[in-house]
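A.B. asks: Next comes run-v2.cif, mmCIF, C-alpha atoms and all ligand atoms:
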```
data_run
#
loop_
_atom_site.label_atom_id
_atom_site.label_comp_id
_atom_site.auth_asym_id
_atom_site.auth_seq_id
_atom_site.Cartn_x
_atom_site.Cartn_y
_atom_site.Cartn_z
CA MET A 1 14.15 30.12 -56.08
CA CYS A 2 12.56 30.61 -59.46
CA GLU A 3 13.77 33.76 -61.19
CA ASN A 4 10.62 34.06 -63.21
CA GLN A 5 8.20 34.04 -60.32
CA HIS A 6 5.92 36.77 -61.71
CA THR A 7 4.79 34.64 -64.60
CA CYS A 8 5.66 30.99 -64.40
CA GLY A 9 3.29 30.00 -61.59
CA CYS A 10 5.72 27.33 -60.33
CA SER A 11 5.13 26.00 -56.87
CA ASN A 12 7.23 27.35 -54.08
CA ALA A 13 8.03 25.97 -50.66
CA GLU A 14 6.63 29.16 -49.10
CA THR A 15 3.10 28.22 -50.10
CA ARG A 16 1.68 26.56 -47.01
CA HIS A 17 -1.23 24.17 -46.97
CA ASN A 18 -1.55 23.86 -43.21
CA TRP A 19 -2.93 27.24 -42.15
CA THR A 20 -5.07 27.18 -39.02
CA LYS A 21 -8.10 29.31 -38.26
CA GLU A 22 -6.25 30.94 -35.35
CA GLU A 23 -3.28 31.92 -37.51
CA ILE A 24 -5.56 33.35 -40.19
CA MET A 25 -7.62 35.31 -37.66
CA ALA A 26 -4.39 36.74 -36.21
CA ILE A 27 -3.35 37.91 -39.69
CA TYR A 28 -6.80 39.41 -40.40
CA ASN A 29 -6.74 41.32 -37.10
CA LYS A 30 -3.27 42.88 -37.46
CA PRO A 31 -3.07 46.66 -37.34
CA LEU A 32 -4.16 47.69 -40.83
CA MET A 33 -0.89 49.30 -41.89
CA GLU A 34 1.10 46.24 -40.88
CA LEU A 35 -1.35 43.93 -42.64
CA LEU A 36 -1.17 46.01 -45.82
CA TYR A 37 2.61 46.09 -45.77
CA GLU A 38 2.84 42.33 -45.30
CA ALA A 39 0.26 41.55 -48.00
CA ALA A 40 1.84 43.99 -50.47
CA THR A 41 5.25 42.41 -49.83
CA VAL A 42 3.93 38.91 -50.56
CA HIS A 43 2.06 40.26 -53.58
CA ARG A 44 5.10 41.77 -55.28
CA LYS A 45 7.14 38.66 -54.59
CA TYR A 46 4.85 36.49 -56.69
CA HIS A 47 3.06 38.91 -59.03
CA ASP A 48 3.57 42.11 -60.96
CA PRO A 49 1.88 44.53 -58.50
CA ASN A 50 1.00 46.91 -61.33
CA SER A 51 -0.97 44.44 -63.40
CA VAL A 52 -4.56 43.32 -63.23
CA GLN A 53 -6.46 40.64 -65.05
CA VAL A 54 -9.86 41.65 -66.45
CA SER A 55 -12.65 39.12 -66.90
CA THR A 56 -16.16 39.54 -68.16
CA LEU A 57 -19.08 37.51 -66.88
CA LEU A 58 -21.94 36.33 -69.10
CA SER A 59 -25.13 34.79 -67.80
CA ILE A 60 -25.83 32.16 -70.44
CA LYS A 61 -28.90 30.82 -68.61
CA THR A 62 -30.52 33.04 -66.01
CA GLY A 63 -32.84 32.32 -63.09
CA GLY A 64 -35.20 29.48 -62.25
CA CYS A 65 -32.59 27.64 -60.18
CA SER A 66 -33.78 24.89 -57.85
CA GLU A 67 -31.25 25.70 -55.09
CA ASP A 68 -31.91 27.87 -52.04
CA CYS A 69 -28.68 29.90 -51.75
CA ALA A 70 -29.88 32.68 -49.45
CA TYR A 71 -27.96 35.40 -51.29
CA CYS A 72 -29.06 34.55 -54.81
CA PRO A 73 -31.82 36.28 -56.77
CA GLN A 74 -31.69 33.48 -59.37
CA SER A 75 -33.20 30.95 -57.01
CA ALA A 76 -36.72 30.01 -58.11
CA ARG A 77 -37.64 29.86 -54.41
CA TYR A 78 -37.62 33.63 -53.89
CA GLU A 79 -39.62 36.42 -55.41
CA THR A 80 -37.04 38.80 -56.84
CA GLU A 81 -36.91 41.19 -59.74
CA VAL A 82 -34.44 39.16 -61.75
CA LYS A 83 -35.59 39.43 -65.32
CA ILE A 84 -35.44 35.95 -66.77
CA GLU A 85 -34.03 37.26 -70.03
CA ASN A 86 -31.88 34.21 -70.73
CA ALA A 87 -34.13 31.52 -69.23
CA ASP A 88 -33.33 29.63 -72.42
CA MET A 89 -29.66 29.13 -73.17
CA MET A 90 -27.91 31.96 -74.95
CA SER A 91 -26.90 31.03 -78.50
CA VAL A 92 -23.28 30.31 -79.40
CA THR A 93 -23.41 33.24 -81.87
CA HIS A 94 -24.55 35.63 -79.14
CA VAL A 95 -21.84 34.40 -76.77
CA LYS A 96 -19.20 34.85 -79.46
CA ALA A 97 -20.37 38.41 -80.18
CA GLN A 98 -20.26 39.28 -76.44
CA ALA A 99 -16.82 37.72 -76.08
CA LEU A 100 -15.48 39.74 -79.01
CA ARG A 101 -16.93 42.93 -77.53
CA ALA A 102 -15.28 42.18 -74.17
CA LYS A 103 -11.99 41.39 -75.90
CA SER A 104 -11.97 44.67 -77.77
CA ALA A 105 -12.61 46.48 -74.46
CA GLY A 106 -9.54 44.78 -72.94
CA ALA A 107 -10.91 41.66 -71.20
CA SER A 108 -8.73 38.54 -71.36
CA ARG A 109 -11.20 36.06 -69.86
CA VAL A 110 -14.85 35.23 -70.43
CA CYS A 111 -16.67 33.54 -67.57
CA MET A 112 -20.01 31.93 -68.47
CA GLY A 113 -22.54 31.25 -65.72
CA ALA A 114 -25.63 29.04 -65.87
CA ALA A 115 -28.11 28.91 -62.98
CA TRP A 116 -27.98 25.14 -62.57
CA ARG A 117 -27.71 22.89 -59.52
CA ASN A 118 -25.46 20.61 -61.52
CA VAL A 119 -24.52 19.91 -65.11
CA LYS A 120 -26.75 17.43 -66.90
CA ASP A 121 -25.56 15.59 -69.98
CA GLY A 122 -27.63 16.55 -73.01
CA PRO A 123 -28.11 19.25 -75.67
CA GLU A 124 -27.61 22.21 -73.29
CA PHE A 125 -24.25 20.87 -72.09
CA GLU A 126 -23.25 20.17 -75.70
CA GLN A 127 -24.04 23.84 -76.44
CA VAL A 128 -21.84 24.96 -73.54
CA LEU A 129 -19.00 22.79 -74.91
CA GLU A 130 -19.39 24.52 -78.28
CA MET A 131 -19.24 27.93 -76.55
CA VAL A 132 -16.01 26.86 -74.84
CA ARG A 133 -14.46 25.78 -78.16
CA THR A 134 -15.57 29.02 -79.82
CA ILE A 135 -14.12 31.34 -77.14
CA ASN A 136 -10.86 29.39 -76.80
CA LYS A 137 -10.40 29.85 -80.54
CA LEU A 138 -10.71 33.62 -80.00
CA ASP A 139 -7.56 33.28 -77.87
CA MET A 140 -9.35 34.28 -74.70
CA GLU A 141 -9.32 32.38 -71.40
CA VAL A 142 -12.66 30.60 -70.93
CA CYS A 143 -14.16 29.96 -67.50
CA CYS A 144 -17.50 28.32 -66.67
CA THR A 145 -19.61 28.24 -63.55
CA LEU A 146 -22.31 25.63 -64.08
CA GLY A 147 -22.84 24.04 -60.68
CA MET A 148 -21.77 20.57 -59.63
CA LEU A 149 -19.84 18.52 -62.13
CA THR A 150 -18.84 14.86 -62.56
CA GLU A 151 -15.34 13.83 -63.51
CA ASN A 152 -16.45 12.87 -67.03
CA GLN A 153 -18.10 16.26 -67.52
CA ALA A 154 -14.94 17.99 -66.27
CA GLN A 155 -12.88 15.97 -68.77
CA ARG A 156 -15.22 16.97 -71.58
CA LEU A 157 -14.90 20.65 -70.67
CA ALA A 158 -11.11 20.30 -70.53
CA GLU A 159 -11.07 18.72 -73.97
CA ALA A 160 -13.15 21.58 -75.37
CA GLY A 161 -10.48 24.01 -74.15
CA LEU A 162 -11.83 25.24 -70.80
CA TYR A 163 -9.21 27.27 -68.96
CA ALA A 164 -10.90 27.62 -65.53
CA TYR A 165 -13.90 26.29 -63.63
CA ASN A 166 -15.51 28.42 -60.95
CA HIS A 167 -17.10 26.75 -57.94
CA ASN A 168 -17.15 28.91 -54.82
CA LEU A 169 -17.08 27.52 -51.30
CA ASP A 170 -19.05 30.67 -50.35
CA THR A 171 -18.21 30.60 -46.60
CA SER A 172 -16.96 28.29 -43.84
CA GLU A 173 -18.25 24.73 -43.63
CA GLU A 174 -20.01 25.58 -40.36
CA TYR A 175 -21.82 28.66 -41.70
CA TYR A 176 -22.62 27.08 -45.07
CA LYS A 177 -25.56 25.29 -43.42
CA GLU A 178 -27.07 28.69 -42.59
CA ILE A 179 -26.94 29.82 -46.21
CA ILE A 180 -27.76 26.76 -48.34
CA SER A 181 -29.77 23.71 -47.39
CA THR A 182 -30.02 22.00 -50.76
CA ARG A 183 -26.48 20.67 -51.10
CA SER A 184 -23.51 20.10 -48.82
CA TYR A 185 -20.02 21.53 -48.48
CA ASP A 186 -18.67 18.11 -49.39
CA ASP A 187 -20.49 18.31 -52.74
CA ARG A 188 -18.62 21.56 -53.42
CA LEU A 189 -15.29 19.98 -52.56
CA LYS A 190 -16.08 16.93 -54.68
CA THR A 191 -16.68 19.11 -57.76
CA ILE A 192 -13.40 20.96 -57.17
CA ASP A 193 -11.71 17.58 -56.89
CA ASN A 194 -13.26 16.46 -60.21
CA VAL A 195 -11.93 19.63 -61.88
CA ARG A 196 -8.49 19.02 -60.38
CA LYS A 197 -8.32 15.65 -62.18
CA THR A 198 -8.09 17.61 -65.45
CA ASN A 199 -5.79 20.42 -66.56
CA ILE A 200 -8.51 23.02 -65.94
CA THR A 201 -7.50 25.64 -63.38
CA VAL A 202 -9.68 26.09 -60.28
CA CYS A 203 -11.45 29.33 -59.40
CA SER A 204 -12.97 29.20 -55.91
CA GLY A 205 -13.67 31.83 -53.29
CA GLY A 206 -16.56 33.20 -51.32
CA ILE A 207 -18.77 36.00 -50.12
CA ILE A 208 -18.48 38.23 -47.07
CA GLY A 209 -21.29 40.24 -45.50
CA MET A 210 -23.81 37.38 -45.16
CA GLY A 211 -23.92 37.66 -41.36
CA GLU A 212 -20.94 35.35 -40.86
CA SER A 213 -18.43 35.76 -38.04
CA LEU A 214 -14.75 36.52 -38.44
CA GLU A 215 -14.15 32.88 -37.54
CA ASP A 216 -16.26 31.85 -40.54
CA ARG A 217 -14.24 34.10 -42.85
CA ALA A 218 -11.08 32.51 -41.51
CA GLY A 219 -12.68 29.06 -41.83
CA MET A 220 -13.33 29.66 -45.51
CA LEU A 221 -9.73 30.75 -46.06
CA VAL A 222 -8.56 27.59 -44.23
CA ALA A 223 -10.71 25.45 -46.55
CA LEU A 224 -9.32 27.18 -49.66
CA SER A 225 -5.69 27.45 -48.62
CA THR A 226 -5.41 23.85 -47.46
CA LEU A 227 -6.41 22.60 -50.90
CA ASN A 228 -3.28 21.33 -52.56
CA PRO A 229 -2.73 22.88 -55.04
CA GLN A 230 -4.48 26.03 -53.92
CA PRO A 231 -7.06 27.49 -56.35
CA GLU A 232 -5.39 29.48 -59.11
CA SER A 233 -8.09 32.11 -58.76
CA VAL A 234 -9.85 33.24 -55.57
CA PRO A 235 -12.84 35.57 -55.98
CA ILE A 236 -13.69 37.65 -52.92
CA ASN A 237 -17.25 38.95 -53.15
CA ALA A 238 -19.01 41.47 -50.92
CA LEU A 239 -22.68 40.58 -50.65
CA VAL A 240 -24.98 42.69 -52.80
CA PRO A 241 -28.25 42.29 -50.87
CA VAL A 242 -31.13 41.79 -53.30
CA GLU A 243 -34.73 42.48 -52.38
CA GLY A 244 -36.76 39.30 -52.06
CA THR A 245 -33.82 37.10 -51.03
CA PRO A 246 -33.46 35.95 -47.42
CA LEU A 247 -30.36 38.16 -47.05
CA GLU A 248 -32.03 41.34 -48.33
CA ASP A 249 -31.53 43.17 -45.02
CA CYS A 250 -27.81 42.52 -44.55
CA GLU A 251 -25.69 45.60 -43.87
CA PRO A 252 -23.21 46.63 -46.59
CA VAL A 253 -19.67 45.39 -46.10
CA ASP A 254 -17.30 48.01 -44.73
CA ILE A 255 -14.46 48.71 -47.17
CA PHE A 256 -11.82 47.98 -44.52
CA GLU A 257 -13.28 44.51 -43.95
CA MET A 258 -12.98 43.91 -47.67
CA VAL A 259 -9.38 45.17 -47.66
CA ARG A 260 -8.55 42.90 -44.70
CA MET A 261 -10.13 39.90 -46.41
CA VAL A 262 -8.20 40.54 -49.64
CA ALA A 263 -4.93 41.06 -47.78
CA THR A 264 -5.40 37.90 -45.72
CA ALA A 265 -6.27 35.84 -48.81
CA ARG A 266 -3.15 37.22 -50.52
CA ILE A 267 -0.91 36.20 -47.61
CA VAL A 268 -2.25 32.66 -47.23
CA MET A 269 -2.55 32.01 -50.99
CA PRO A 270 0.47 33.88 -52.33
CA GLN A 271 0.40 32.54 -55.89
CA SER A 272 -3.34 32.76 -56.57
CA GLN A 273 -4.99 35.54 -58.53
CA VAL A 274 -7.18 37.26 -55.92
CA ARG A 275 -10.26 38.59 -57.65
CA LEU A 276 -12.38 41.58 -56.61
CA SER A 277 -15.82 40.38 -57.56
CA ALA A 278 -19.36 41.37 -56.56
CA GLY A 279 -19.83 44.52 -54.53
CA ARG A 280 -17.49 46.83 -56.44
CA THR A 281 -20.29 49.31 -57.22
CA GLN A 282 -20.45 50.04 -53.48
CA MET A 283 -16.71 50.74 -53.33
CA SER A 284 -15.01 54.00 -54.14
CA GLN A 285 -12.06 53.97 -56.54
CA GLU A 286 -9.84 54.78 -53.54
CA GLY A 287 -11.21 51.70 -51.77
CA GLN A 288 -10.54 49.55 -54.81
CA ALA A 289 -7.01 50.97 -55.08
CA LEU A 290 -6.43 49.87 -51.49
CA CYS A 291 -7.65 46.37 -52.42
CA PHE A 292 -5.16 46.29 -55.33
CA PHE A 293 -2.41 47.37 -52.95
CA ALA A 294 -3.51 44.59 -50.55
CA GLY A 295 -3.03 42.01 -53.30
CA ALA A 296 -6.13 41.91 -55.50
CA ASN A 297 -5.02 41.47 -59.09
CA SER A 298 -8.14 40.58 -60.97
CA ILE A 299 -11.56 42.14 -61.52
CA PHE A 300 -14.80 41.36 -63.25
CA ALA A 301 -15.72 44.09 -65.70
CA GLY A 302 -19.01 44.68 -67.50
CA ASP A 303 -22.18 46.37 -66.33
CA LYS A 304 -23.65 43.22 -64.76
CA LEU A 305 -22.32 40.38 -62.64
CA LEU A 306 -24.81 37.71 -63.70
CA THR A 307 -27.76 39.70 -62.36
CA THR A 308 -26.31 42.30 -59.98
CA PRO A 309 -24.92 45.70 -61.01
CA ASN A 310 -21.22 46.21 -61.70
CA PRO A 311 -19.19 49.21 -62.89
CA ASP A 312 -19.13 49.85 -66.62
CA ILE A 313 -16.03 48.40 -68.34
CA ASN A 314 -15.00 51.83 -69.68
CA GLU A 315 -15.12 53.31 -66.17
CA ASP A 316 -12.94 50.43 -64.99
CA MET A 317 -10.42 50.96 -67.77
CA GLN A 318 -10.29 54.64 -66.88
CA MET A 319 -9.71 53.81 -63.20
CA LEU A 320 -6.97 51.31 -64.06
CA GLY A 321 -5.39 53.96 -66.32
CA VAL A 322 -5.39 56.52 -63.48
CA LEU A 323 -3.71 53.94 -61.22
CA GLY A 324 -1.15 53.10 -63.91
CA MET A 325 -2.16 49.45 -63.92
CA ARG A 326 -1.30 47.20 -66.85
CA ILE A 327 -4.09 44.95 -68.17
CA GLN A 328 -2.88 41.35 -68.27
CA LYS A 329 -2.89 39.49 -71.55
CA PRO A 330 -4.59 36.08 -71.77
CA PHE A 331 -2.55 33.03 -70.71
CA GLU A 332 0.11 34.96 -68.79
CA THR A 333 0.02 32.49 -65.91
CA HIS A 334 -0.97 29.19 -67.56
CA PRO A 335 -0.70 27.99 -71.15
CA GLN A 336 -3.67 28.06 -73.48
CA PRO A 337 -5.46 24.69 -73.55
CA GLN A 338 -5.85 22.97 -76.91
CA THR A 339 -9.35 22.56 -78.26
CA VAL A 340 -10.34 19.08 -79.39
CA GLU A 341 -13.21 19.20 -81.88
CA ALA A 342 -16.42 17.36 -80.95
CA GLU A 343 -15.91 14.69 -83.64
CA ASP A 344 -12.39 13.87 -82.33
CA SER A 345 -13.43 13.68 -78.69
CA GLN A 346 -12.04 10.91 -76.46
CA TYR A 347 -14.77 11.48 -73.89
CA HIS A 348 -18.46 11.00 -74.52
CA SER A 349 -21.59 11.76 -72.64
CA LEU A 350 -22.19 8.98 -70.10
CA GLY A 351 -25.73 10.06 -69.28
CA GLU A 352 -24.79 9.84 -65.61
CA ASN A 353 -27.31 10.61 -62.92
CA PRO A 354 -25.02 11.39 -60.00
CA LYS A 355 -26.43 11.35 -56.51
CA TRP A 356 -25.41 14.73 -55.15
CA THR A 357 -26.36 15.21 -51.53
CA ARG A 358 -29.68 16.69 -50.52
CA PRO A 359 -29.09 17.47 -46.83
CA ASN A 360 -32.21 17.36 -44.74
CA HIS A 361 -31.64 20.45 -42.63
CA LYS A 362 -33.99 23.40 -43.12
CA ILE A 363 -33.12 27.07 -42.91
CA GLU A 364 -36.12 28.89 -41.44
CA ARG A 365 -35.26 32.17 -43.14
CA ASN A 366 -35.00 30.54 -46.58
CA GLU A 367 -38.20 28.55 -45.99
CA GLY A 368 -40.03 31.74 -45.02
CA LYS A 369 -39.10 33.40 -48.30
CA ARG A 370 -40.04 30.30 -50.26
CA VAL A 371 -43.51 30.16 -48.69
CA ARG A 372 -44.04 33.88 -49.37
CA ALA A 373 -42.95 33.51 -53.00
CA THR A 374 -45.42 30.72 -53.67
CA HIS A 375 -48.45 32.62 -52.28
S1 LIG A 401 -25.97 30.64 -56.49
FE1 LIG A 401 -26.09 29.23 -58.24
S2 LIG A 401 -26.83 27.33 -57.34
FE2 LIG A 401 -27.30 28.93 -55.84
S3 LIG A 401 -29.43 29.59 -56.33
FE3 LIG A 401 -28.01 30.95 -57.44
S4 LIG A 401 -27.80 30.04 -59.46
FE4 LIG A 401 -28.62 28.45 -58.11
#
```
Could you take the file, read its structure, and then write that structure out as structure tokens?

C.D. replies:
Amino acid sequence: MCENQHTCGCSNAETRHNWTKEEIMAIYNKPLMELLYEAATVHRKYHDPNSVQVSTLLSIKTGGCSEDCAYCPQSARYETEVKIENADMMSVTHVKAQALRAKSAGASRVCMGAAWRNVKDGPEFEQVLEMVRTINKLDMEVCCTLGMLTENQAQRLAEAGLYAYNHNLDTSEEYYKEIISTRSYDDRLKTIDNVRKTNITVCSGGIIGMGESLEDRAGMLVALSTLNPQPESVPINALVPVEGTPLEDCEPVDIFEMVRMVATARIVMPQSQVRLSAGRTQMSQEGQALCFFAGANSIFAGDKLLTTPNPDINEDMQMLGVLGMRIQKPFETHPQPQTVEAEDSQYHSLGENPKWTRPNHKIERNEGKRVRATH
């Protein structure tokens, strides 16, 4: 067995890729103390249990998205209070300034989100590539979440120095059709596959509290854990219901459900960074501490998560200080990618027009909100 298992990220025979829904549900439903003990044991075998990775999330292009994700206030189909402050792309200078601010506050990773269905070749994508080069040169990990991606676009991001690409599965394949009608689960998997053809690490997780069953939560963990390799980063979000979206009336997620989800993700994906994402403002510090004990070792910091509220980074640093947690440095688990300058690029824009699926099912609830928003 590897002696350096906290940091080297090597694969280990104990990482299984054949979990079944039944096995995962049995883990999730264990008596809580037993589940916590098991998850914490796995956690300290593969990770330093007293360290946490801190990322910041920047919305580089906000709102006006064509998709109908029922949880998302950035969809143009719903009438929400999302201020379209970055409807145009954020400038590279602004992104650099924000990244430097996050770095000085202790963040090691900058994740940039654009409200797009998929990446389109052209000036906006070129600007994103320049942002990636700029942040990588600040010696920070760079992550992007830009929607669906072709293999050529993934290669271009890798060349620019992208460290991670986020593309969440959101929920189980079965329940996905109740949340999004404008693209398919297979499209999601295809993008993850395109990212996997490069040296970019994969960040993929989901959301709980959208009305899904326990079986759906387990189904999502089956889909993630059976990927080989498993995603290096797995964000677990608790829905933040936003007025005007089809899921505005969902009940808040109980903290113990969140703890169970984190612990189960930790057990079935022992080497991944499990990330506490949206929904932290609804959690007490004690609740978050329990999530860290259950195996979460990454958080998003900064007062906004794209458009929803998040604890202030200073409050987070104070909490981590109280818990005696060490803030991870950049590139502790994977080496820093090299940045190839635009003029030396091996890959060029192909001007592709990929045919991503447009499934023809309709979600009544989403349609209802769309009709209301357009009147
Ligand atoms: S989650 Fe992403 S793809 Fe879906 S509506 Fe929001 S911005 Fe668009």

A.B. asks: Wanna dump the chain A-ligand LIG 401 (chain A) contacts at 10 Å for me, each residue with its shortest atom pair and the distance in Å to one decimal, counting only C-alpha atoms and all ligand atoms, ordered by chain and number, as a Markdown table?

C.D. replies:
```
| residue | atom | partner | partner_atom | distance |
| --- | --- | --- | --- | --- |
| A:Ser59 | CA | A:LIG401 | S4 | 10.0 |
| A:Lys61 | CA | A:LIG401 | S4 | 9.2 |
| A:Thr62 | CA | A:LIG401 | S4 | 7.7 |
| A:Gly63 | CA | A:LIG401 | S4 | 6.6 |
| A:Gly64 | CA | A:LIG401 | FE4 | 7.8 |
| A:Cys65 | CA | A:LIG401 | FE4 | 4.5 |
| A:Ser66 | CA | A:LIG401 | FE4 | 6.3 |
| A:Glu67 | CA | A:LIG401 | S3 | 4.5 |
| A:Asp68 | CA | A:LIG401 | S3 | 5.2 |
| A:Cys69 | CA | A:LIG401 | FE2 | 4.4 |
| A:Ala70 | CA | A:LIG401 | S3 | 7.6 |
| A:Tyr71 | CA | A:LIG401 | S1 | 7.3 |
| A:Cys72 | CA | A:LIG401 | FE3 | 4.6 |
| A:Pro73 | CA | A:LIG401 | FE3 | 6.6 |
| A:Gln74 | CA | A:LIG401 | FE3 | 4.9 |
| A:Ser75 | CA | A:LIG401 | S3 | 4.1 |
| A:Ala76 | CA | A:LIG401 | S3 | 7.5 |
| A:Arg77 | CA | A:LIG401 | S3 | 8.4 |
| A:Tyr78 | CA | A:LIG401 | S3 | 9.5 |
| A:Gly113 | CA | A:LIG401 | S4 | 8.3 |
| A:Ala114 | CA | A:LIG401 | S4 | 6.8 |
| A:Ala115 | CA | A:LIG401 | S4 | 3.7 |
| A:Trp116 | CA | A:LIG401 | FE4 | 5.6 |
| A:Arg117 | CA | A:LIG401 | S2 | 5.0 |
| A:Asn118 | CA | A:LIG401 | S2 | 8.0 |
| A:Thr145 | CA | A:LIG401 | FE1 | 8.4 |
| A:Leu146 | CA | A:LIG401 | FE1 | 7.8 |
| A:Gly147 | CA | A:LIG401 | S2 | 6.2 |
| A:Met148 | CA | A:LIG401 | S2 | 8.7 |
| A:His167 | CA | A:LIG401 | FE1 | 9.3 |
| A:Asn168 | CA | A:LIG401 | S1 | 9.1 |
| A:Asp170 | CA | A:LIG401 | S1 | 9.3 |
| A:Ile179 | CA | A:LIG401 | FE2 | 9.7 |
| A:Ile180 | CA | A:LIG401 | FE2 | 7.8 |
| A:Thr182 | CA | A:LIG401 | FE2 | 9.0 |
| A:Arg183 | CA | A:LIG401 | S2 | 9.1 |
| A:Leu306 | CA | A:LIG401 | S4 | 9.3 |
```

A.B. asks: So the first atom is CA of Ser277 in chain A and the second is CA of Leu100 in chain A; what is the distance between them in Å, to one decimal place?

C.D. replies: 21.5 Å

A.B. asks: Which is closest to His43 in chain A among A:Ala97, A:Ala263, A:Ser104, A:Val240, if we use only C-alpha atoms?

C.D. replies: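 Residue with the minimum atom-to-atom distance to His43 in chain A: A:Ala263.
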
A.B. asks: Using all atoms listed in the file, what residues lie at most 12 Å away from (-24.8, 20.0, -66.7) (file coordinates), given as a PyMOL selection string?

C.D. replies: chain A and resi 61+113-129+144-154+156-157+349-354

A.B. asks: Grab the CA of Arg260 in chain A to CA of Cys111 in chain A distance for me, in Å with one decimal place.

C.D. replies: 26.0 Å

A.B. asks: Counting all atoms listed in the file, find the residues whose atoms lie at most 12 Å from (-6.8, 17.2, -61.3) (file coordinates) and write them out as a PDB file with C-alpha atoms, in the frame of the given file.

C.D. replies:
```
ATOM      1  CA  GLU A 151     -15.340  13.830 -63.510  1.00  0.00           C
ATOM      2  CA  ALA A 154     -14.940  17.990 -66.270  1.00  0.00           C
ATOM      3  CA  GLN A 155     -12.880  15.970 -68.770  1.00  0.00           C
ATOM      4  CA  ALA A 158     -11.110  20.300 -70.530  1.00  0.00           C
ATOM      5  CA  ALA A 164     -10.900  27.620 -65.530  1.00  0.00           C
ATOM      6  CA  TYR A 165     -13.900  26.290 -63.630  1.00  0.00           C
ATOM      7  CA  LYS A 190     -16.080  16.930 -54.680  1.00  0.00           C
ATOM      8  CA  THR A 191     -16.680  19.110 -57.760  1.00  0.00           C
ATOM      9  CA  ILE A 192     -13.400  20.960 -57.170  1.00  0.00           C
ATOM     10  CA  ASP A 193     -11.710  17.580 -56.890  1.00  0.00           C
ATOM     11  CA  ASN A 194     -13.260  16.460 -60.210  1.00  0.00           C
ATOM     12  CA  VAL A 195     -11.930  19.630 -61.880  1.00  0.00           C
ATOM     13  CA  ARG A 196      -8.490  19.020 -60.380  1.00  0.00           C
ATOM     14  CA  LYS A 197      -8.320  15.650 -62.180  1.00  0.00           C
ATOM     15  CA  THR A 198      -8.090  17.610 -65.450  1.00  0.00           C
ATOM     16  CA  ASN A 199      -5.790  20.420 -66.560  1.00  0.00           C
ATOM     17  CA  ILE A 200      -8.510  23.020 -65.940  1.00  0.00           C
ATOM     18  CA  THR A 201      -7.500  25.640 -63.380  1.00  0.00           C
ATOM     19  CA  VAL A 202      -9.680  26.090 -60.280  1.00  0.00           C
ATOM     20  CA  LEU A 227      -6.410  22.600 -50.900  1.00  0.00           C
ATOM     21  CA  ASN A 228      -3.280  21.330 -52.560  1.00  0.00           C
ATOM     22  CA  PRO A 229      -2.730  22.880 -55.040  1.00  0.00           C
ATOM     23  CA  GLN A 230      -4.480  26.030 -53.920  1.00  0.00           C
ATOM     24  CA  PRO A 231      -7.060  27.490 -56.350  1.00  0.00           C
TER      25      PRO A 231
END
```

A.B. asks: When distances are computed from only C-alpha atoms, which of A:Ser204, A:Ser345, A:Ser172, A:Ser181 shows the smallest separation from Gly219 in chain A?

C.D. replies: A:Ser172

A.B. asks: Rebuild range 27-37 of chain A to N, CA and C atoms - output it as a PDB file, in the coordinates of the input, please.

C.D. replies:
```
ATOM      1  N   ILE A  27      -3.775  37.080 -38.548  1.00  0.00           N
ATOM      2  CA  ILE A  27      -3.350  37.910 -39.690  1.00  0.00           C
ATOM      3  C   ILE A  27      -4.416  38.967 -39.977  1.00  0.00           C
ATOM      4  N   TYR A  28      -5.676  38.528 -40.072  1.00  0.00           N
ATOM      5  CA  TYR A  28      -6.800  39.410 -40.400  1.00  0.00           C
ATOM      6  C   TYR A  28      -6.872  40.591 -39.425  1.00  0.00           C
ATOM      7  N   ASN A  29      -6.576  40.304 -38.148  1.00  0.00           N
ATOM      8  CA  ASN A  29      -6.740  41.320 -37.100  1.00  0.00           C
ATOM      9  C   ASN A  29      -5.512  42.186 -36.865  1.00  0.00           C
ATOM     10  N   LYS A  30      -4.467  42.035 -37.663  1.00  0.00           N
ATOM     11  CA  LYS A  30      -3.270  42.880 -37.460  1.00  0.00           C
ATOM     12  C   LYS A  30      -3.633  44.341 -37.621  1.00  0.00           C
ATOM     13  N   PRO A  31      -2.841  45.238 -37.028  1.00  0.00           N
ATOM     14  CA  PRO A  31      -3.070  46.660 -37.340  1.00  0.00           C
ATOM     15  C   PRO A  31      -3.043  46.836 -38.865  1.00  0.00           C
ATOM     16  N   LEU A  32      -3.954  47.646 -39.374  1.00  0.00           N
ATOM     17  CA  LEU A  32      -4.160  47.690 -40.830  1.00  0.00           C
ATOM     18  C   LEU A  32      -2.880  47.992 -41.620  1.00  0.00           C
ATOM     19  N   MET A  33      -2.089  48.926 -41.132  1.00  0.00           N
ATOM     20  CA  MET A  33      -0.890  49.300 -41.890  1.00  0.00           C
ATOM     21  C   MET A  33       0.106  48.144 -41.975  1.00  0.00           C
ATOM     22  N   GLU A  34       0.188  47.390 -40.882  1.00  0.00           N
ATOM     23  CA  GLU A  34       1.100  46.240 -40.880  1.00  0.00           C
ATOM     24  C   GLU A  34       0.582  45.146 -41.821  1.00  0.00           C
ATOM     25  N   LEU A  35      -0.740  44.939 -41.765  1.00  0.00           N
ATOM     26  CA  LEU A  35      -1.350  43.930 -42.640  1.00  0.00           C
ATOM     27  C   LEU A  35      -1.133  44.296 -44.116  1.00  0.00           C
ATOM     28  N   LEU A  36      -1.346  45.564 -44.435  1.00  0.00           N
ATOM     29  CA  LEU A  36      -1.170  46.010 -45.820  1.00  0.00           C
ATOM     30  C   LEU A  36       0.269  45.834 -46.279  1.00  0.00           C
ATOM     31  N   TYR A  37       1.188  46.184 -45.409  1.00  0.00           N
ATOM     32  CA  TYR A  37       2.610  46.090 -45.770  1.00  0.00           C
ATOM     33  C   TYR A  37       2.985  44.627 -46.038  1.00  0.00           C
TER      34      TYR A  37
END
```
